[in-house]
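Structure first, then comments.
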Amino acid sequence: MTEDAEKKWIALMYKTAKKYHKLCPYFDKKTAHCLLTATLEGKLGRCDRDGRFEGCPIFTKLLEKLYRHYTDSRKALPRDFQDVVNQAFTV
């Protein structure tokens, strides 16, 4: 797979994520913390984007990691962000 294919898939995930979520699904409204920062970087961090996930480097990093996981294990790429959320426990 090429880098263009990865960018297309990430753009598709952003587009379908917007269908289901107004704010980032990994944004804790109560504390304004980013749950992905804790998961991916091992530290607790506040979201400086007020929960907007379009163009978020942490959200993009998650999608890049998922893309590599799916392609390396030769699994079919999900075509919808909800499929990514539903398969989160199997990754």
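Going through the structure tokens in order, the chains are called A, B, and so on, while each chain numbers its residues from 1 and the ligands are numbered from 1 in the order shown.
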| query | Counting only C-alpha atoms, what is within 12 Å of Lys8 of chain A, bar same-chain residues fewer than 3 positions away, as a count of residues only? | reply | 15
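Residues with any atom within 10 Å of Lys22 of chain A, counting only C-alpha atoms and excluding same-chain neighbours fewer than 4 positions away, are A:Ala17, A:Lys18, A:Gly51, A:Arg52, A:Phe53.
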| task | Calculate how many Å separate atom CA of Cys24 of chain A from atom CA of Val84 of chain A, rounding to one decimal. | result | 13.9 Å
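Here the strand (DSSP E) residues in chain A, by DSSP on the backbone, are Phe27, Asp28, His33, Cys34, Gly45 and Arg46 of chain A.
Atom pair atom CA of Asp48 of chain A / atom CA of His69 of chain A: separated by 27.6 Å.
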| Neighbour list for Leu35 of chain A as a list in words, cut-off 8 Å, only C-alpha atoms, skip fewer than 4 positions in-chain | Tyr26, Phe27, Asp28, Thr39, Leu44 and Gly45 of chain A
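For the pair atom CA of Lys7 of chain A and atom CA of Glu41 of chain A, the interatomic distance is 22.1 Å.
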| field | Which of chain A fall in helix (DSSP H, G or I), as a PyMOL selection string | value | chain A and resi 3-20+35-41+57-72+81-86
| message | Could you check the closest approach to Thr71 of chain A for each of A:Gln87, A:Gly42, A:Glu6, A:His21 and tell me which residue wins, using only C-alpha atoms? | response | A:Glu6
